[in-house]
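Engineer: Dropping a structure here in structure tokens format, bear with me for questions.
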Amino acid sequence: MNTAAHSPHIAVREEWLALHQEEALDADLPIVDAHHHLWDRPSGRYLFDELRADTSGKHNIIASVYVQCRSMFQEGRVDAFKTVGEVEFANGIAALSASGLYGHARLCAGIVAGADLSLGDAVRRVLAEMQERAGPRLCGVRNTTAWHRDSEIVSNPNPPPAGLLSSSKFRQGVRALRDYGLVLDVWAYHTQLAEVLDLALANPEVVIVLDHVGGPLGVREYANNRGLVFNEWRASLARLAELPNVRVKLGGLGMSIGGFDYHLRQKPPSSETLAMDWAPYILTVIELFGVERCMFESNFPVDKGMFSYSVLWNSFKRLVSDFNSDERTLLFSKNAIDTYKLSF
């Protein structure tokens, strides 16, 4: 499989998504979408207008965090600095949103950039320029790190090399984040969580946000072993939960590598279906990390191939319907605001 030429993401079908619609539950609850992307690719476009269409109208989205996805790299610059273009792009979207002309939500209020941490100390020059371009909106860095020995288990068109999280240069780059006050986002499969643990232990002063509930796999060799995967995943997360510098994003379960098959059904799933299927994962993470270290994310448009934005947030609200008001505020907005130091 040529992963550089073929997107591993499930195609978005607006007509299919329209077959099931829901009104927002608890529509006034403020929400910060802690993780989404924007791009213009042969496989589809998801830019400001598409994001606005999803975030406006039903749920009370007050802000969002943009996460790197190799969008709008600067042509003509050396590789290390091409990623500055993505920061400029996301900051421009944030400026549009901050004008107030397009609704009250402050989209891209935080920007998690793609500075290449494997540059080691040399990444500092890149981070300095990114901060010049985005100011306080630059709140973190993420690299492509999700890797598996099976080349058919892939969630990125350009998979990373093996062992990146453990490489000395990468870890040197991570240490630089501390001096810039930036968070490290990490996307790793459950099979890599021991590497994440070592990384977090080695960098106690860097806040590490584990994306997509720690990546429990449900395809290929894991497709018929959900119970074993769950136990291994939970044990790894329990060790990570002992470290106060680690936090977790709740979401990302609409990627094909998770093994759910909603996109193959005649109609999109309801929020009740999603809440029932995801309860073991979402509630386990909250149990281990506490409501103070978890935050909800959409992971759109990646997850949009399986369900709509409004249904997704309804499912999250159902999952924590018995939590008190303060706990729900932490999970839906405050933790993201505090973790990424958002100002809007």
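We label chains A, B, ... in the order they appear in the structure tokens, count residues from 1 in each chain, and number ligands from 1 in the order shown.
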What lies within 9 Å of His59 of chain A using only C-alpha atoms, ignoring chain neighbours under 6 positions off, as a PDB file with all heavy atoms, in the first residue's frame?

Structural biologist:
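Here's the written file result.pdb:
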```pdb
ATOM      1  N   GLU A  23     -31.088  16.895  17.691  1.00  0.00           N
ATOM      2  CA  GLU A  23     -30.974  18.182  18.359  1.00  0.00           C
ATOM      3  C   GLU A  23     -29.951  18.059  19.484  1.00  0.00           C
ATOM      4  O   GLU A  23     -29.746  16.976  20.046  1.00  0.00           O
ATOM      5  CB  GLU A  23     -32.323  18.627  18.920  1.00  0.00           C
ATOM      6  CG  GLU A  23     -33.329  18.983  17.838  1.00  0.00           C
ATOM      7  CD  GLU A  23     -32.834  20.104  16.940  1.00  0.00           C
ATOM      8  OE1 GLU A  23     -32.314  21.115  17.479  1.00  0.00           O
ATOM      9  OE2 GLU A  23     -32.943  19.963  15.709  1.00  0.00           O
ATOM     10  N   ALA A  24     -29.317  19.146  19.805  1.00  0.00           N
ATOM     11  CA  ALA A  24     -28.282  19.127  20.836  1.00  0.00           C
ATOM     12  C   ALA A  24     -28.868  18.912  22.221  1.00  0.00           C
ATOM     13  O   ALA A  24     -29.844  19.560  22.608  1.00  0.00           O
ATOM     14  CB  ALA A  24     -27.488  20.425  20.808  1.00  0.00           C
ATOM     15  N   LEU A  25     -28.263  18.016  22.960  1.00  0.00           N
ATOM     16  CA  LEU A  25     -28.581  17.855  24.375  1.00  0.00           C
ATOM     17  C   LEU A  25     -27.830  18.933  25.158  1.00  0.00           C
ATOM     18  O   LEU A  25     -26.712  19.303  24.791  1.00  0.00           O
ATOM     19  CB  LEU A  25     -28.144  16.471  24.858  1.00  0.00           C
ATOM     20  CG  LEU A  25     -28.748  15.254  24.141  1.00  0.00           C
ATOM     21  CD1 LEU A  25     -28.062  13.969  24.619  1.00  0.00           C
ATOM     22  CD2 LEU A  25     -30.246  15.189  24.381  1.00  0.00           C
ATOM     23  N   ASP A  26     -28.440  19.425  26.227  1.00  0.00           N
ATOM     24  CA  ASP A  26     -27.781  20.415  27.084  1.00  0.00           C
ATOM     25  C   ASP A  26     -27.098  21.477  26.220  1.00  0.00           C
ATOM     26  O   ASP A  26     -25.898  21.725  26.320  1.00  0.00           O
ATOM     27  CB  ASP A  26     -26.770  19.708  27.985  1.00  0.00           C
ATOM     28  CG  ASP A  26     -26.310  20.578  29.148  1.00  0.00           C
ATOM     29  OD1 ASP A  26     -26.850  21.687  29.306  1.00  0.00           O
ATOM     30  OD2 ASP A  26     -25.394  20.156  29.880  1.00  0.00           O
ATOM     31  N   ALA A  27     -27.878  22.102  25.372  1.00  0.00           N
ATOM     32  CA  ALA A  27     -27.348  22.957  24.300  1.00  0.00           C
ATOM     33  C   ALA A  27     -26.560  24.168  24.799  1.00  0.00           C
ATOM     34  O   ALA A  27     -25.767  24.737  24.034  1.00  0.00           O
ATOM     35  CB  ALA A  27     -28.497  23.422  23.413  1.00  0.00           C
ATOM     36  N   ASP A  28     -26.748  24.571  26.048  1.00  0.00           N
ATOM     37  CA  ASP A  28     -26.044  25.750  26.555  1.00  0.00           C
ATOM     38  C   ASP A  28     -24.670  25.432  27.150  1.00  0.00           C
ATOM     39  O   ASP A  28     -23.902  26.346  27.468  1.00  0.00           O
ATOM     40  CB  ASP A  28     -26.891  26.445  27.624  1.00  0.00           C
ATOM     41  CG  ASP A  28     -28.163  27.055  27.042  1.00  0.00           C
ATOM     42  OD1 ASP A  28     -28.132  27.443  25.855  1.00  0.00           O
ATOM     43  OD2 ASP A  28     -29.172  27.136  27.772  1.00  0.00           O
ATOM     44  N   LEU A  29     -24.356  24.159  27.299  1.00  0.00           N
ATOM     45  CA  LEU A  29     -23.078  23.774  27.911  1.00  0.00           C
ATOM     46  C   LEU A  29     -21.904  24.268  27.058  1.00  0.00           C
ATOM     47  O   LEU A  29     -21.772  23.892  25.893  1.00  0.00           O
ATOM     48  CB  LEU A  29     -23.002  22.252  28.039  1.00  0.00           C
ATOM     49  CG  LEU A  29     -21.691  21.679  28.587  1.00  0.00           C
ATOM     50  CD1 LEU A  29     -21.496  22.069  30.054  1.00  0.00           C
ATOM     51  CD2 LEU A  29     -21.659  20.162  28.429  1.00  0.00           C
ATOM     52  N   PRO A  30     -21.019  25.111  27.596  1.00  0.00           N
ATOM     53  CA  PRO A  30     -19.869  25.589  26.813  1.00  0.00           C
ATOM     54  C   PRO A  30     -18.914  24.442  26.479  1.00  0.00           C
ATOM     55  O   PRO A  30     -18.588  23.603  27.333  1.00  0.00           O
ATOM     56  CB  PRO A  30     -19.200  26.598  27.747  1.00  0.00           C
ATOM     57  CG  PRO A  30     -20.273  27.001  28.718  1.00  0.00           C
ATOM     58  CD  PRO A  30     -21.097  25.766  28.918  1.00  0.00           C
ATOM     59  N   ILE A  31     -18.463  24.420  25.229  1.00  0.00           N
ATOM     60  CA  ILE A  31     -17.575  23.369  24.748  1.00  0.00           C
ATOM     61  C   ILE A  31     -16.348  23.984  24.088  1.00  0.00           C
ATOM     62  O   ILE A  31     -16.465  24.884  23.252  1.00  0.00           O
ATOM     63  CB  ILE A  31     -18.285  22.461  23.721  1.00  0.00           C
ATOM     64  CG1 ILE A  31     -19.427  21.684  24.376  1.00  0.00           C
ATOM     65  CG2 ILE A  31     -17.298  21.496  23.063  1.00  0.00           C
ATOM     66  CD1 ILE A  31     -20.297  20.920  23.376  1.00  0.00           C
ATOM     67  N   SER A 310     -22.712  17.000  15.529  1.00  0.00           N
ATOM     68  CA  SER A 310     -23.714  17.146  16.584  1.00  0.00           C
ATOM     69  C   SER A 310     -23.970  15.832  17.317  1.00  0.00           C
ATOM     70  O   SER A 310     -24.080  15.794  18.543  1.00  0.00           O
ATOM     71  CB  SER A 310     -25.027  17.680  15.994  1.00  0.00           C
ATOM     72  OG  SER A 310     -25.968  17.919  17.026  1.00  0.00           O
ATOM     73  N   TRP A 313     -21.033  15.073  19.812  1.00  0.00           N
ATOM     74  CA  TRP A 313     -21.065  15.779  21.094  1.00  0.00           C
ATOM     75  C   TRP A 313     -22.238  15.330  21.949  1.00  0.00           C
ATOM     76  O   TRP A 313     -22.135  15.302  23.192  1.00  0.00           O
ATOM     77  CB  TRP A 313     -21.064  17.293  20.873  1.00  0.00           C
ATOM     78  CG  TRP A 313     -19.708  17.740  20.400  1.00  0.00           C
ATOM     79  CD1 TRP A 313     -19.338  18.042  19.123  1.00  0.00           C
ATOM     80  CD2 TRP A 313     -18.518  17.859  21.192  1.00  0.00           C
ATOM     81  NE1 TRP A 313     -18.006  18.356  19.074  1.00  0.00           N
ATOM     82  CE2 TRP A 313     -17.467  18.256  20.329  1.00  0.00           C
ATOM     83  CE3 TRP A 313     -18.245  17.682  22.542  1.00  0.00           C
ATOM     84  CZ2 TRP A 313     -16.172  18.469  20.777  1.00  0.00           C
ATOM     85  CZ3 TRP A 313     -16.947  17.907  22.993  1.00  0.00           C
ATOM     86  CH2 TRP A 313     -15.936  18.285  22.113  1.00  0.00           C
ATOM     87  N   ASN A 314     -23.337  14.920  21.336  1.00  0.00           N
ATOM     88  CA  ASN A 314     -24.425  14.330  22.121  1.00  0.00           C
ATOM     89  C   ASN A 314     -23.968  13.039  22.796  1.00  0.00           C
ATOM     90  O   ASN A 314     -24.342  12.760  23.940  1.00  0.00           O
ATOM     91  CB  ASN A 314     -25.631  14.045  21.228  1.00  0.00           C
ATOM     92  CG  ASN A 314     -26.586  15.216  21.124  1.00  0.00           C
ATOM     93  OD1 ASN A 314     -26.444  16.219  21.831  1.00  0.00           O
ATOM     94  ND2 ASN A 314     -27.571  15.111  20.258  1.00  0.00           N
TER      95      ASN A 314
END
```

Engineer: Mind dumping a table of every segment 305-332 of chain A residue within 12 Å of segment 234-252 of chain A, with the nearest atom pair and its distance in Å to one decimal, using only C-alpha atoms, sorted by chain and rising number, as a Markdown table?

Structural biologist:
```
| residue | atom | partner | partner_atom | distance |
| --- | --- | --- | --- | --- |
| A:Gly305 | CA | A:Gly252 | CA | 11.7 |
| A:Met306 | CA | A:Gly252 | CA | 10.9 |
| A:Phe307 | CA | A:Gly252 | CA | 11.6 |
| A:Tyr309 | CA | A:Gly251 | CA | 12.0 |
| A:Leu312 | CA | A:Gly251 | CA | 9.1 |
| A:Trp313 | CA | A:Gly251 | CA | 10.0 |
| A:Ser315 | CA | A:Gly251 | CA | 10.5 |
| A:Phe316 | CA | A:Gly251 | CA | 8.8 |
| A:Lys317 | CA | A:Leu250 | CA | 11.9 |
| A:Leu319 | CA | A:Leu250 | CA | 11.0 |
| A:Val320 | CA | A:Leu250 | CA | 11.8 |
| A:Leu331 | CA | A:Leu250 | CA | 8.9 |
| A:Phe332 | CA | A:Leu250 | CA | 10.0 |
```

Engineer: Looking only at the backbone, which of the residues in segment 25-161 of chain A does DSSP tag as strand (DSSP E), as a ChimeraX atom specification?

Structural biologist: /A:30-36,39-41,44-46,60-67,106-113,138-142
